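Have a look at the structure below, then the notes.
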Amino acid sequence: MKKKVMMVGAGLTLGSALLVTSAFADVGGAQGYEAYKSALKATATAENATQSVGLSVRDNGNERFRVISTVKEDRASQALSGSASIHAGADTAKVDFYHQDGRMIVKSADSDTYNVIQESGRPHKDEDWEDGEFDPEFHKGIETIVDALVGNLKNDFILKNGEGGKKTVSVELTGSRIPAAANVIGSVLIKEALSGKHSDDQMDHAAFGQELLGFDLAKLDPQLPQLSQDVNIDSVSLQATIDENDAIVRQTVEFEISGKDVSGAEHDLVVTADIGLSGIGETKPDAVDLAGKKVNTIEHSRFED
Amino acid sequence: MRLLKACTINELAKLTARKKTLFFLLLSALLPFIGLPIVRQLQNGLGVVGVAQDQYAISVLNGLTLFLIPLTIFMLASDTFSGEFGDRSIRSVLTRPVGRGKIFAAKLLALFAIVAGQLLLSLAASSLASLFLPSSGSALNGLGTAALAYAAAALPMLTLCAAAALVAQGFKNASGALAVCILLYAAAKLVGFVFPSYMAYAPTSYTDWYTLWIGSSVSVGKLVNVFNFLLGCGIVFYALGYTIFDRKEG
């Protein structure tokens, strides 16, 4: 009888010891995920910053499409300024834009006309600027849902601590690590976006594109292959660099998508977004003085349909 | 050791003599083929892959470890740990010249053997079924990954066996034990989904810990941690389960 009690006692001791050690080692914790989440929140509170975005799409290794933009934004004065250049094959367009005094101003690099988009008739003029001021309870709810959806993928967020409080967080999901449901939904969305079915809508905007940017937006579409069969998201990766103030100063997101087009040819698409953030708290958007310049006023309502 | 082996074979014979055990074993082998037309239909209809050849076995494993295997465990544990006490057939086992420690161990081993059988059958079947899916990446690589995942999936299932053995002994009949096991498991899963942080210390949250083994970035520290946790839970459940089993009136 004594032997039995000893055995059970030893078992309970060993088992509890293992439980306690794993609990102390934070078995349920996902440091990388938590670090990324807190940095996202901290970055969102920045009053002003300069954001540079590089977006490129490569098809079988050949670059099809690239957008490079720099935006200076200040929340307090509701102002922003920036420029974007779009490269699609041999075509290039460069645009400067400003948001000042409640108006959006767009100017193509090829012309000296400033297109002013009047927003006076727009009822919710300021809604874009208030997205940082949600009800905290609501925010908390959203966070819980996102946490639940992310589930065990949290463990794929790898945290590396650098010098002086700097951190990097990286995630790479390939193959079966991408949840099948997300892969199916994502693939369908990509397929639809590339299908060319939506080019009708784009035709309406093409005239505006021409007017505003000096660039035919419709030209961009045929550059990308129309994937119709076996569309699959092969990998998703994210790399974020977090500075000592818990702000995400650089983020690279990459998607690899494969599939076949109508003729059965295989395509490997790589979509890369490189987002840099600088000048946090020190950015002042540029303003343009329209006096004595060629101005073309466009009613905002023309964009809404 | 010889006694334990004989006991385990005896328990296994009792389990496999039940038609439902065979049905559940068969079901885990058929599941990959039942899922196949659905996946193919989806792929052809939508023009997407979703689940590629080298990922099919893992997708099947998701379903196995979430529903089918836990259900099998609860059902068999209810039969063997409370059903036999309820219908007094446990007496024919207890009156044999074998210690209760060995009988308890043999019952758990037999239960786990069925689970291992389910995993093996399903691995073989899903690897076979995946040949009918569009390929992406190397099939051999996929098979290696799948084998690793299936092997890793056995540990949380073993912990679940020990937990079910503990819970089932609190009941005098099999159906009550089964219902409570399922309810507890479903509740733990649901709470784990809504409040992941509260359920980090529940073994049911790690039924899919095999995903940690197959990612492109495997964190060894995390693996060791979860391994310790599942093992610790298993040992505690086993020790408690054995204590109750030892004192139970036959």
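Every chain in the structure tokens takes a letter, A first, then B, and so on in the order presented; its residues are numbered from 1, and the ligands are numbered from 1 following the presented order.
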Taking only C-alpha atoms into account, find every residue of chain A that has an atom no more than 6 Å from chain B, and write it out as a PyMOL selection string. chain A and resi 8+11-12+15+18-19+22+27-28+148+176+180+183-184+228-232
Got a sec: who's within 12 Å of Arg96 in chain B, counting only C-alpha atoms, leaving out chain neighbours fewer than 4 positions off, as a PDB file with all heavy atoms, in the first residue's frame?
```pdb
ATOM      1  N   LEU B   3       2.792  -9.468 -17.853  1.00  0.00           N
ATOM      2  CA  LEU B   3       1.413  -9.346 -17.377  1.00  0.00           C
ATOM      3  C   LEU B   3       0.722  -8.139 -18.004  1.00  0.00           C
ATOM      4  O   LEU B   3      -0.432  -8.205 -18.436  1.00  0.00           O
ATOM      5  CB  LEU B   3       1.411  -9.182 -15.852  1.00  0.00           C
ATOM      6  CG  LEU B   3       1.214 -10.458 -15.043  1.00  0.00           C
ATOM      7  CD1 LEU B   3       1.311 -10.138 -13.561  1.00  0.00           C
ATOM      8  CD2 LEU B   3      -0.129 -11.082 -15.385  1.00  0.00           C
ATOM      9  N   ALA B   6      -0.119  -8.865 -21.568  1.00  0.00           N
ATOM     10  CA  ALA B   6      -1.273  -9.751 -21.673  1.00  0.00           C
ATOM     11  C   ALA B   6      -2.562  -8.997 -21.362  1.00  0.00           C
ATOM     12  O   ALA B   6      -3.574  -9.131 -22.051  1.00  0.00           O
ATOM     13  CB  ALA B   6      -1.098 -10.931 -20.721  1.00  0.00           C
ATOM     14  N   CYS B   7      -2.471  -8.156 -20.320  1.00  0.00           N
ATOM     15  CA  CYS B   7      -3.626  -7.346 -19.911  1.00  0.00           C
ATOM     16  C   CYS B   7      -4.058  -6.402 -21.024  1.00  0.00           C
ATOM     17  O   CYS B   7      -5.251  -6.236 -21.301  1.00  0.00           O
ATOM     18  CB  CYS B   7      -3.243  -6.514 -18.698  1.00  0.00           C
ATOM     19  SG  CYS B   7      -4.013  -7.076 -17.201  1.00  0.00           S
ATOM     20  N   ASN B  10      -5.720  -8.162 -23.777  1.00  0.00           N
ATOM     21  CA  ASN B  10      -7.065  -8.504 -23.317  1.00  0.00           C
ATOM     22  C   ASN B  10      -8.019  -7.310 -23.456  1.00  0.00           C
ATOM     23  O   ASN B  10      -9.128  -7.431 -24.003  1.00  0.00           O
ATOM     24  CB  ASN B  10      -6.957  -8.970 -21.861  1.00  0.00           C
ATOM     25  CG  ASN B  10      -8.306  -9.386 -21.312  1.00  0.00           C
ATOM     26  OD1 ASN B  10      -9.143  -9.879 -22.061  1.00  0.00           O
ATOM     27  ND2 ASN B  10      -8.512  -9.182 -20.026  1.00  0.00           N
ATOM     28  N   ILE B  90     -16.485  -5.471 -14.716  1.00  0.00           N
ATOM     29  CA  ILE B  90     -15.132  -5.163 -14.270  1.00  0.00           C
ATOM     30  C   ILE B  90     -14.641  -6.231 -13.295  1.00  0.00           C
ATOM     31  O   ILE B  90     -13.448  -6.486 -13.183  1.00  0.00           O
ATOM     32  CB  ILE B  90     -15.097  -3.752 -13.622  1.00  0.00           C
ATOM     33  CG1 ILE B  90     -13.669  -3.272 -13.360  1.00  0.00           C
ATOM     34  CG2 ILE B  90     -15.858  -3.719 -12.301  1.00  0.00           C
ATOM     35  CD1 ILE B  90     -12.945  -2.824 -14.557  1.00  0.00           C
ATOM     36  N   ARG B  91     -15.594  -6.914 -12.607  1.00  0.00           N
ATOM     37  CA  ARG B  91     -15.204  -7.915 -11.605  1.00  0.00           C
ATOM     38  C   ARG B  91     -14.389  -9.042 -12.218  1.00  0.00           C
ATOM     39  O   ARG B  91     -13.448  -9.540 -11.616  1.00  0.00           O
ATOM     40  CB  ARG B  91     -16.450  -8.499 -10.947  1.00  0.00           C
ATOM     41  CG  ARG B  91     -17.072  -7.508  -9.994  1.00  0.00           C
ATOM     42  CD  ARG B  91     -18.263  -8.069  -9.321  1.00  0.00           C
ATOM     43  NE  ARG B  91     -18.795  -7.075  -8.398  1.00  0.00           N
ATOM     44  CZ  ARG B  91     -19.894  -7.235  -7.702  1.00  0.00           C
ATOM     45  NH1 ARG B  91     -20.590  -8.350  -7.833  1.00  0.00           N
ATOM     46  NH2 ARG B  91     -20.311  -6.301  -6.892  1.00  0.00           N
ATOM     47  N   SER B  92     -14.768  -9.415 -13.443  1.00  0.00           N
ATOM     48  CA  SER B  92     -14.041 -10.524 -14.068  1.00  0.00           C
ATOM     49  C   SER B  92     -12.585 -10.118 -14.351  1.00  0.00           C
ATOM     50  O   SER B  92     -11.714 -10.967 -14.477  1.00  0.00           O
ATOM     51  CB  SER B  92     -14.731 -10.937 -15.365  1.00  0.00           C
ATOM     52  OG  SER B  92     -14.634  -9.864 -16.279  1.00  0.00           O
ATOM     53  N   ARG B 100      -4.129  -3.691  -9.646  1.00  0.00           N
ATOM     54  CA  ARG B 100      -4.999  -2.687 -10.280  1.00  0.00           C
ATOM     55  C   ARG B 100      -4.203  -1.666 -11.086  1.00  0.00           C
ATOM     56  O   ARG B 100      -4.692  -1.121 -12.067  1.00  0.00           O
ATOM     57  CB  ARG B 100      -5.804  -1.965  -9.210  1.00  0.00           C
ATOM     58  CG  ARG B 100      -6.924  -2.827  -8.682  1.00  0.00           C
ATOM     59  CD  ARG B 100      -7.986  -1.966  -8.084  1.00  0.00           C
ATOM     60  NE  ARG B 100      -9.091  -2.789  -7.624  1.00  0.00           N
ATOM     61  CZ  ARG B 100     -10.270  -2.302  -7.291  1.00  0.00           C
ATOM     62  NH1 ARG B 100     -10.477  -1.004  -7.321  1.00  0.00           N
ATOM     63  NH2 ARG B 100     -11.226  -3.085  -6.901  1.00  0.00           N
ATOM     64  N   LYS B 102      -1.671  -2.252 -12.960  1.00  0.00           N
ATOM     65  CA  LYS B 102      -1.443  -2.822 -14.304  1.00  0.00           C
ATOM     66  C   LYS B 102      -2.737  -2.778 -15.113  1.00  0.00           C
ATOM     67  O   LYS B 102      -2.717  -2.504 -16.313  1.00  0.00           O
ATOM     68  CB  LYS B 102      -0.939  -4.251 -14.176  1.00  0.00           C
ATOM     69  CG  LYS B 102       0.526  -4.321 -13.759  1.00  0.00           C
ATOM     70  CD  LYS B 102       1.181  -5.597 -14.222  1.00  0.00           C
ATOM     71  CE  LYS B 102       2.662  -5.592 -13.914  1.00  0.00           C
ATOM     72  NZ  LYS B 102       2.944  -5.574 -12.453  1.00  0.00           N
ATOM     73  N   ILE B 103      -3.871  -3.044 -14.434  1.00  0.00           N
ATOM     74  CA  ILE B 103      -5.147  -3.033 -15.171  1.00  0.00           C
ATOM     75  C   ILE B 103      -5.437  -1.631 -15.699  1.00  0.00           C
ATOM     76  O   ILE B 103      -5.800  -1.444 -16.866  1.00  0.00           O
ATOM     77  CB  ILE B 103      -6.308  -3.518 -14.269  1.00  0.00           C
ATOM     78  CG1 ILE B 103      -6.056  -4.967 -13.863  1.00  0.00           C
ATOM     79  CG2 ILE B 103      -7.646  -3.382 -14.973  1.00  0.00           C
ATOM     80  CD1 ILE B 103      -7.050  -5.499 -12.861  1.00  0.00           C
TER      81      ILE B 103
END
```
Contact residues around Asp156 in chain A with only C-alpha atoms at 12 Å, ignoring same-chain residues under 4 positions, as an MDAnalysis selection string: (chainID A and resid 29:34 36 150:152 169:174 177:178 236:239) or (chainID B and resid 211:219 222)
With N, CA, C and O atoms retained, export the selected residues as a compact mmCIF listing (two decimals), in the first residue's frame.
```
# COMPACT_ATOMS: atom_id res chain seq x y z
N GLY A 29 1.90 32.14 -23.86
CA GLY A 29 2.29 33.46 -24.36
C GLY A 29 2.71 33.43 -25.81
O GLY A 29 3.17 32.43 -26.32
N ALA A 30 2.51 34.52 -26.48
CA ALA A 30 2.97 34.66 -27.85
C ALA A 30 3.66 36.02 -27.91
O ALA A 30 3.04 37.00 -28.28
N GLN A 31 4.90 36.05 -27.49
CA GLN A 31 5.62 37.33 -27.34
C GLN A 31 5.67 38.12 -28.64
O GLN A 31 5.45 39.32 -28.65
N GLY A 32 5.97 37.40 -29.74
CA GLY A 32 6.10 38.09 -31.02
C GLY A 32 4.80 38.77 -31.40
O GLY A 32 4.77 39.93 -31.80
N TYR A 33 3.70 38.03 -31.24
CA TYR A 33 2.39 38.56 -31.60
C TYR A 33 2.02 39.74 -30.72
O TYR A 33 1.55 40.77 -31.20
N GLU A 34 2.25 39.60 -29.41
CA GLU A 34 1.91 40.69 -28.48
C GLU A 34 2.74 41.94 -28.79
O GLU A 34 2.24 43.06 -28.76
N TYR A 36 4.02 42.81 -31.66
CA TYR A 36 3.56 43.41 -32.91
C TYR A 36 2.27 44.19 -32.67
O TYR A 36 2.10 45.31 -33.15
N VAL A 150 -6.88 34.73 -35.15
CA VAL A 150 -5.46 34.45 -35.37
C VAL A 150 -5.11 33.10 -34.74
O VAL A 150 -4.36 32.31 -35.29
N GLY A 151 -5.72 32.82 -33.59
CA GLY A 151 -5.55 31.52 -32.94
C GLY A 151 -4.10 31.11 -32.78
O GLY A 151 -3.27 31.89 -32.35
N ASN A 152 -3.83 29.89 -33.20
CA ASN A 152 -2.49 29.35 -33.00
C ASN A 152 -1.45 29.94 -33.92
O ASN A 152 -0.25 29.69 -33.76
N VAL A 169 9.88 41.69 -35.67
CA VAL A 169 8.90 40.61 -35.59
C VAL A 169 8.72 40.08 -37.00
O VAL A 169 8.57 40.85 -37.94
N SER A 170 8.82 38.77 -37.15
CA SER A 170 8.63 38.23 -38.49
C SER A 170 7.70 37.02 -38.45
O SER A 170 7.64 36.29 -37.48
N VAL A 171 6.97 36.89 -39.51
CA VAL A 171 6.04 35.76 -39.67
C VAL A 171 6.24 35.24 -41.07
O VAL A 171 6.35 36.02 -42.01
N GLU A 172 6.30 33.94 -41.22
CA GLU A 172 6.29 33.40 -42.58
C GLU A 172 5.39 32.18 -42.59
O GLU A 172 5.62 31.21 -41.88
N LEU A 173 4.33 32.28 -43.35
CA LEU A 173 3.39 31.16 -43.44
C LEU A 173 3.50 30.56 -44.83
O LEU A 173 3.39 31.28 -45.83
N THR A 174 3.75 29.27 -44.89
CA THR A 174 3.79 28.61 -46.19
C THR A 174 2.94 27.36 -46.13
O THR A 174 2.70 26.82 -45.06
N ARG A 177 0.51 25.86 -43.36
CA ARG A 177 0.41 26.80 -42.24
C ARG A 177 -0.57 27.92 -42.56
O ARG A 177 -0.99 28.64 -41.67
N ILE A 178 -0.86 28.14 -43.83
CA ILE A 178 -1.89 29.11 -44.18
C ILE A 178 -3.23 28.40 -44.00
O ILE A 178 -3.46 27.38 -44.63
N VAL A 236 2.86 33.71 -47.32
CA VAL A 236 2.58 35.05 -46.83
C VAL A 236 3.68 35.35 -45.82
O VAL A 236 3.95 34.53 -44.95
N SER A 237 4.32 36.49 -45.97
CA SER A 237 5.32 36.80 -44.96
C SER A 237 5.22 38.25 -44.55
O SER A 237 4.75 39.11 -45.30
N LEU A 238 5.62 38.49 -43.34
CA LEU A 238 5.57 39.84 -42.78
C LEU A 238 6.83 40.05 -41.97
O LEU A 238 7.25 39.17 -41.21
N GLN A 239 7.44 41.19 -42.17
CA GLN A 239 8.60 41.54 -41.36
C GLN A 239 8.41 42.95 -40.87
O GLN A 239 8.16 43.84 -41.66
N THR B 211 0.88 21.72 -35.29
CA THR B 211 1.15 22.83 -36.21
C THR B 211 2.47 23.53 -35.85
O THR B 211 3.11 24.13 -36.70
N LEU B 212 2.85 23.42 -34.57
CA LEU B 212 4.11 24.03 -34.17
C LEU B 212 5.31 23.32 -34.80
O LEU B 212 6.38 23.90 -34.95
N TRP B 213 5.10 22.04 -35.13
CA TRP B 213 6.20 21.25 -35.66
C TRP B 213 6.43 21.48 -37.14
O TRP B 213 7.51 21.19 -37.65
N ILE B 214 5.41 21.93 -37.85
CA ILE B 214 5.51 21.91 -39.31
C ILE B 214 5.68 23.30 -39.92
O ILE B 214 5.79 23.43 -41.10
N GLY B 215 5.70 24.35 -39.10
CA GLY B 215 5.87 25.69 -39.65
C GLY B 215 7.27 25.86 -40.20
O GLY B 215 8.16 25.04 -39.98
N SER B 216 7.45 26.95 -40.95
CA SER B 216 8.77 27.20 -41.50
C SER B 216 9.70 27.76 -40.42
O SER B 216 10.91 27.77 -40.56
N SER B 217 9.11 28.25 -39.34
CA SER B 217 9.94 28.78 -38.27
C SER B 217 9.55 28.07 -36.97
O SER B 217 8.62 28.47 -36.29
N VAL B 218 10.22 26.98 -36.68
CA VAL B 218 9.89 26.21 -35.50
C VAL B 218 10.67 26.75 -34.30
O VAL B 218 11.88 26.89 -34.36
N SER B 219 9.92 27.11 -33.26
CA SER B 219 10.59 27.62 -32.08
C SER B 219 10.77 26.47 -31.09
O SER B 219 9.81 25.92 -30.57
N LYS B 222 9.36 26.92 -27.54
CA LYS B 222 7.91 26.74 -27.49
C LYS B 222 7.54 25.27 -27.48
O LYS B 222 6.66 24.83 -26.74
```
Using only C-alpha atoms, determine which residues lie at most 6 Å from Val95 in chain A, disregarding the query and same-chain residues fewer than 3 positions distant; provide the list as a list of chain:residue names.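 The residues satisfying every condition are A:Ser83, A:Ala84, A:Lys107, A:Ser108, A:Ala109.
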Just the selected residues (N, CA, C and O atoms), exported as an mmCIF file, in the first residue's frame, please.
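Ended up saving to out.cif:
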```
data_model
loop_
_atom_site.group_PDB
_atom_site.id
_atom_site.type_symbol
_atom_site.label_atom_id
_atom_site.label_comp_id
_atom_site.auth_asym_id
_atom_site.auth_seq_id
_atom_site.Cartn_x
_atom_site.Cartn_y
_atom_site.Cartn_z
ATOM 1 N N SER A 83 3.534 62.416 -52.863
ATOM 2 C CA SER A 83 3.652 62.166 -54.282
ATOM 3 C C SER A 83 3.645 60.664 -54.508
ATOM 4 O O SER A 83 3.998 59.896 -53.621
ATOM 5 N N ALA A 84 3.200 60.287 -55.663
ATOM 6 C CA ALA A 84 3.184 58.867 -55.990
ATOM 7 C C ALA A 84 3.635 58.703 -57.426
ATOM 8 O O ALA A 84 3.288 59.514 -58.286
ATOM 9 N N LYS A 107 -2.011 67.037 -58.723
ATOM 10 C CA LYS A 107 -1.318 67.606 -59.884
ATOM 11 C C LYS A 107 -0.427 66.547 -60.495
ATOM 12 O O LYS A 107 0.351 65.881 -59.804
ATOM 13 N N SER A 108 -0.570 66.397 -61.812
ATOM 14 C CA SER A 108 0.291 65.454 -62.505
ATOM 15 C C SER A 108 1.641 66.115 -62.752
ATOM 16 O O SER A 108 1.725 67.330 -62.970
ATOM 17 N N ALA A 109 2.704 65.320 -62.735
ATOM 18 C CA ALA A 109 4.035 65.884 -62.968
ATOM 19 C C ALA A 109 4.164 66.390 -64.400
ATOM 20 O O ALA A 109 4.978 67.261 -64.687
#
```
Which residues come within 10 Å of Glu11 in chain B, counting only C-alpha atoms, excluding same-chain residues fewer than 3 positions away, as a VMD selection string? chain B and resid 5 to 8 14 to 17 80 93 103 106 to 111
For all heavy atoms, I'd like the residues from the last selection saved as a compact mmCIF listing (two decimals), in the first residue's frame.
```
# COMPACT_ATOMS: atom_id res chain seq x y z
N LYS B 5 1.46 -6.69 -20.75
CA LYS B 5 1.23 -6.94 -22.17
C LYS B 5 -0.04 -7.78 -22.35
O LYS B 5 -0.91 -7.45 -23.17
CB LYS B 5 2.44 -7.64 -22.76
CG LYS B 5 2.51 -7.57 -24.27
CD LYS B 5 3.77 -8.24 -24.79
CE LYS B 5 3.54 -8.80 -26.18
NZ LYS B 5 4.56 -9.79 -26.53
N ALA B 6 -0.12 -8.86 -21.57
CA ALA B 6 -1.27 -9.75 -21.67
C ALA B 6 -2.56 -9.00 -21.36
O ALA B 6 -3.57 -9.13 -22.05
CB ALA B 6 -1.10 -10.93 -20.72
N CYS B 7 -2.47 -8.16 -20.32
CA CYS B 7 -3.63 -7.35 -19.91
C CYS B 7 -4.06 -6.40 -21.02
O CYS B 7 -5.25 -6.24 -21.30
CB CYS B 7 -3.24 -6.51 -18.70
SG CYS B 7 -4.01 -7.08 -17.20
N THR B 8 -3.07 -5.75 -21.64
CA THR B 8 -3.36 -4.78 -22.70
C THR B 8 -4.02 -5.47 -23.87
O THR B 8 -5.00 -4.97 -24.43
CB THR B 8 -2.07 -4.09 -23.16
OG1 THR B 8 -1.37 -3.61 -22.03
CG2 THR B 8 -2.37 -2.93 -24.09
N LYS B 14 -11.24 -6.61 -25.99
CA LYS B 14 -12.58 -6.19 -25.57
C LYS B 14 -13.05 -4.97 -26.37
O LYS B 14 -14.20 -4.87 -26.79
CB LYS B 14 -12.58 -5.85 -24.08
CG LYS B 14 -12.73 -7.06 -23.19
CD LYS B 14 -13.15 -6.67 -21.79
CE LYS B 14 -12.04 -5.95 -21.08
NZ LYS B 14 -12.36 -5.62 -19.69
N LEU B 15 -12.10 -4.02 -26.57
CA LEU B 15 -12.47 -2.80 -27.30
C LEU B 15 -12.82 -3.11 -28.75
O LEU B 15 -13.81 -2.61 -29.28
CB LEU B 15 -11.32 -1.78 -27.25
CG LEU B 15 -11.10 -1.04 -25.94
CD1 LEU B 15 -9.94 -0.06 -26.08
CD2 LEU B 15 -12.35 -0.30 -25.51
N THR B 16 -11.96 -3.94 -29.39
CA THR B 16 -12.18 -4.19 -30.81
C THR B 16 -13.36 -5.13 -31.04
O THR B 16 -13.84 -5.26 -32.17
CB THR B 16 -10.91 -4.77 -31.48
OG1 THR B 16 -10.39 -5.81 -30.64
CG2 THR B 16 -9.87 -3.71 -31.68
N ALA B 17 -13.82 -5.80 -29.98
CA ALA B 17 -15.00 -6.64 -30.14
C ALA B 17 -16.26 -5.80 -30.31
O ALA B 17 -17.27 -6.28 -30.77
CB ALA B 17 -15.15 -7.57 -28.94
N THR B 80 -14.99 1.68 -21.14
CA THR B 80 -14.03 0.85 -20.44
C THR B 80 -13.84 1.29 -18.98
O THR B 80 -13.50 0.49 -18.13
CB THR B 80 -12.69 0.79 -21.22
OG1 THR B 80 -11.86 -0.16 -20.60
CG2 THR B 80 -11.99 2.10 -21.23
N VAL B 93 -12.35 -8.80 -14.48
CA VAL B 93 -10.98 -8.33 -14.69
C VAL B 93 -10.25 -8.23 -13.35
O VAL B 93 -9.11 -8.68 -13.20
CB VAL B 93 -10.98 -6.96 -15.39
CG1 VAL B 93 -9.57 -6.48 -15.63
CG2 VAL B 93 -11.76 -7.02 -16.69
N ILE B 103 -3.87 -3.04 -14.43
CA ILE B 103 -5.15 -3.03 -15.17
C ILE B 103 -5.44 -1.63 -15.70
O ILE B 103 -5.80 -1.44 -16.87
CB ILE B 103 -6.31 -3.52 -14.27
CG1 ILE B 103 -6.06 -4.97 -13.86
CG2 ILE B 103 -7.65 -3.38 -14.97
CD1 ILE B 103 -7.05 -5.50 -12.86
N ALA B 106 -3.14 -0.89 -18.53
CA ALA B 106 -3.51 -1.67 -19.72
C ALA B 106 -4.72 -1.06 -20.41
O ALA B 106 -4.77 -0.98 -21.65
CB ALA B 106 -3.80 -3.11 -19.31
N LYS B 107 -5.68 -0.59 -19.61
CA LYS B 107 -6.89 0.00 -20.19
C LYS B 107 -6.52 1.26 -20.99
O LYS B 107 -6.99 1.47 -22.11
CB LYS B 107 -7.88 0.37 -19.10
CG LYS B 107 -8.73 -0.81 -18.64
CD LYS B 107 -9.68 -0.37 -17.57
CE LYS B 107 -10.62 -1.49 -17.14
NZ LYS B 107 -11.52 -1.93 -18.22
N LEU B 108 -5.64 2.08 -20.39
CA LEU B 108 -5.23 3.30 -21.09
C LEU B 108 -4.42 2.98 -22.34
O LEU B 108 -4.60 3.60 -23.39
CB LEU B 108 -4.38 4.18 -20.16
CG LEU B 108 -5.12 5.28 -19.43
CD1 LEU B 108 -4.14 6.13 -18.63
CD2 LEU B 108 -5.86 6.18 -20.41
N LEU B 109 -3.53 1.99 -22.22
CA LEU B 109 -2.70 1.62 -23.37
C LEU B 109 -3.57 1.12 -24.51
O LEU B 109 -3.34 1.47 -25.68
CB LEU B 109 -1.69 0.54 -22.96
CG LEU B 109 -0.42 1.04 -22.27
CD1 LEU B 109 0.45 -0.14 -21.85
CD2 LEU B 109 0.37 1.95 -23.21
N ALA B 110 -4.57 0.30 -24.17
CA ALA B 110 -5.45 -0.23 -25.20
C ALA B 110 -6.21 0.90 -25.89
O ALA B 110 -6.33 0.95 -27.11
CB ALA B 110 -6.43 -1.23 -24.59
N LEU B 111 -6.67 1.85 -25.06
CA LEU B 111 -7.39 3.01 -25.60
C LEU B 111 -6.48 3.80 -26.54
O LEU B 111 -6.88 4.18 -27.66
CB LEU B 111 -7.84 3.89 -24.41
CG LEU B 111 -8.57 5.17 -24.69
CD1 LEU B 111 -9.79 4.90 -25.54
CD2 LEU B 111 -9.01 5.82 -23.38
```
What does the distance from CA of Gln251 in chain A to CA of Leu55 in chain A come to in Å, to one decimal? 11.8 Å
Can you measure CA of Leu155 in chain B to CA of Leu25 in chain B for me? One decimal in Å is fine. 18.6 Å
Could you please determine the separation between CA of Leu290 in chain A and CA of Tyr114 in chain A in Å, to one decimal place? 7.9 Å
To test your reading of the structure, identify every residue in range 29-132 of chain A that backbone DSSP assigns to strand (DSSP E), and report it as a ChimeraX atom specification. /A:48-59,62-74,79-88,91-100,103-108,113-118
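Taking only C-alpha atoms into account, Glu282 in chain A lies nearest to A:Ala46 out of the set A:Ile257, A:Ala35, A:Ala247, A:Ala46.
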Excluding Val106 in chain A and residues on its chain fewer than 2 positions from it, collect all residues at most 12 Å away from it, counting only C-alpha atoms, and give them as a ChimeraX atom specification. /A:80-84,94-100,103-104,108-118,208-209,211-214,288,290,295-298
Closest contacts (range 249-296 of chain A/range 48-54 of chain A, max 10 Å, only C-alpha atoms) as CSV:
```
residue,atom,partner,partner_atom,distance
A:Val249,CA,A:Gln51,CA,9.1
A:Arg250,CA,A:Ser52,CA,9.3
A:Gln251,CA,A:Val53,CA,9.5
A:Thr252,CA,A:Gly54,CA,9.4
A:Thr272,CA,A:Gly54,CA,7.8
A:Ala273,CA,A:Gly54,CA,5.6
A:Asp274,CA,A:Gly54,CA,5.0
A:Ile275,CA,A:Val53,CA,4.5
A:Gly276,CA,A:Ser52,CA,5.1
A:Leu277,CA,A:Gln51,CA,4.6
A:Ser278,CA,A:Thr50,CA,5.2
A:Gly279,CA,A:Ala49,CA,5.2
A:Ile280,CA,A:Ala49,CA,4.3
A:Gly281,CA,A:Asn48,CA,5.3
A:Glu282,CA,A:Ala49,CA,6.9
A:Thr283,CA,A:Ala49,CA,5.2
A:Lys284,CA,A:Asn48,CA,7.6
A:Pro285,CA,A:Thr50,CA,8.6
```
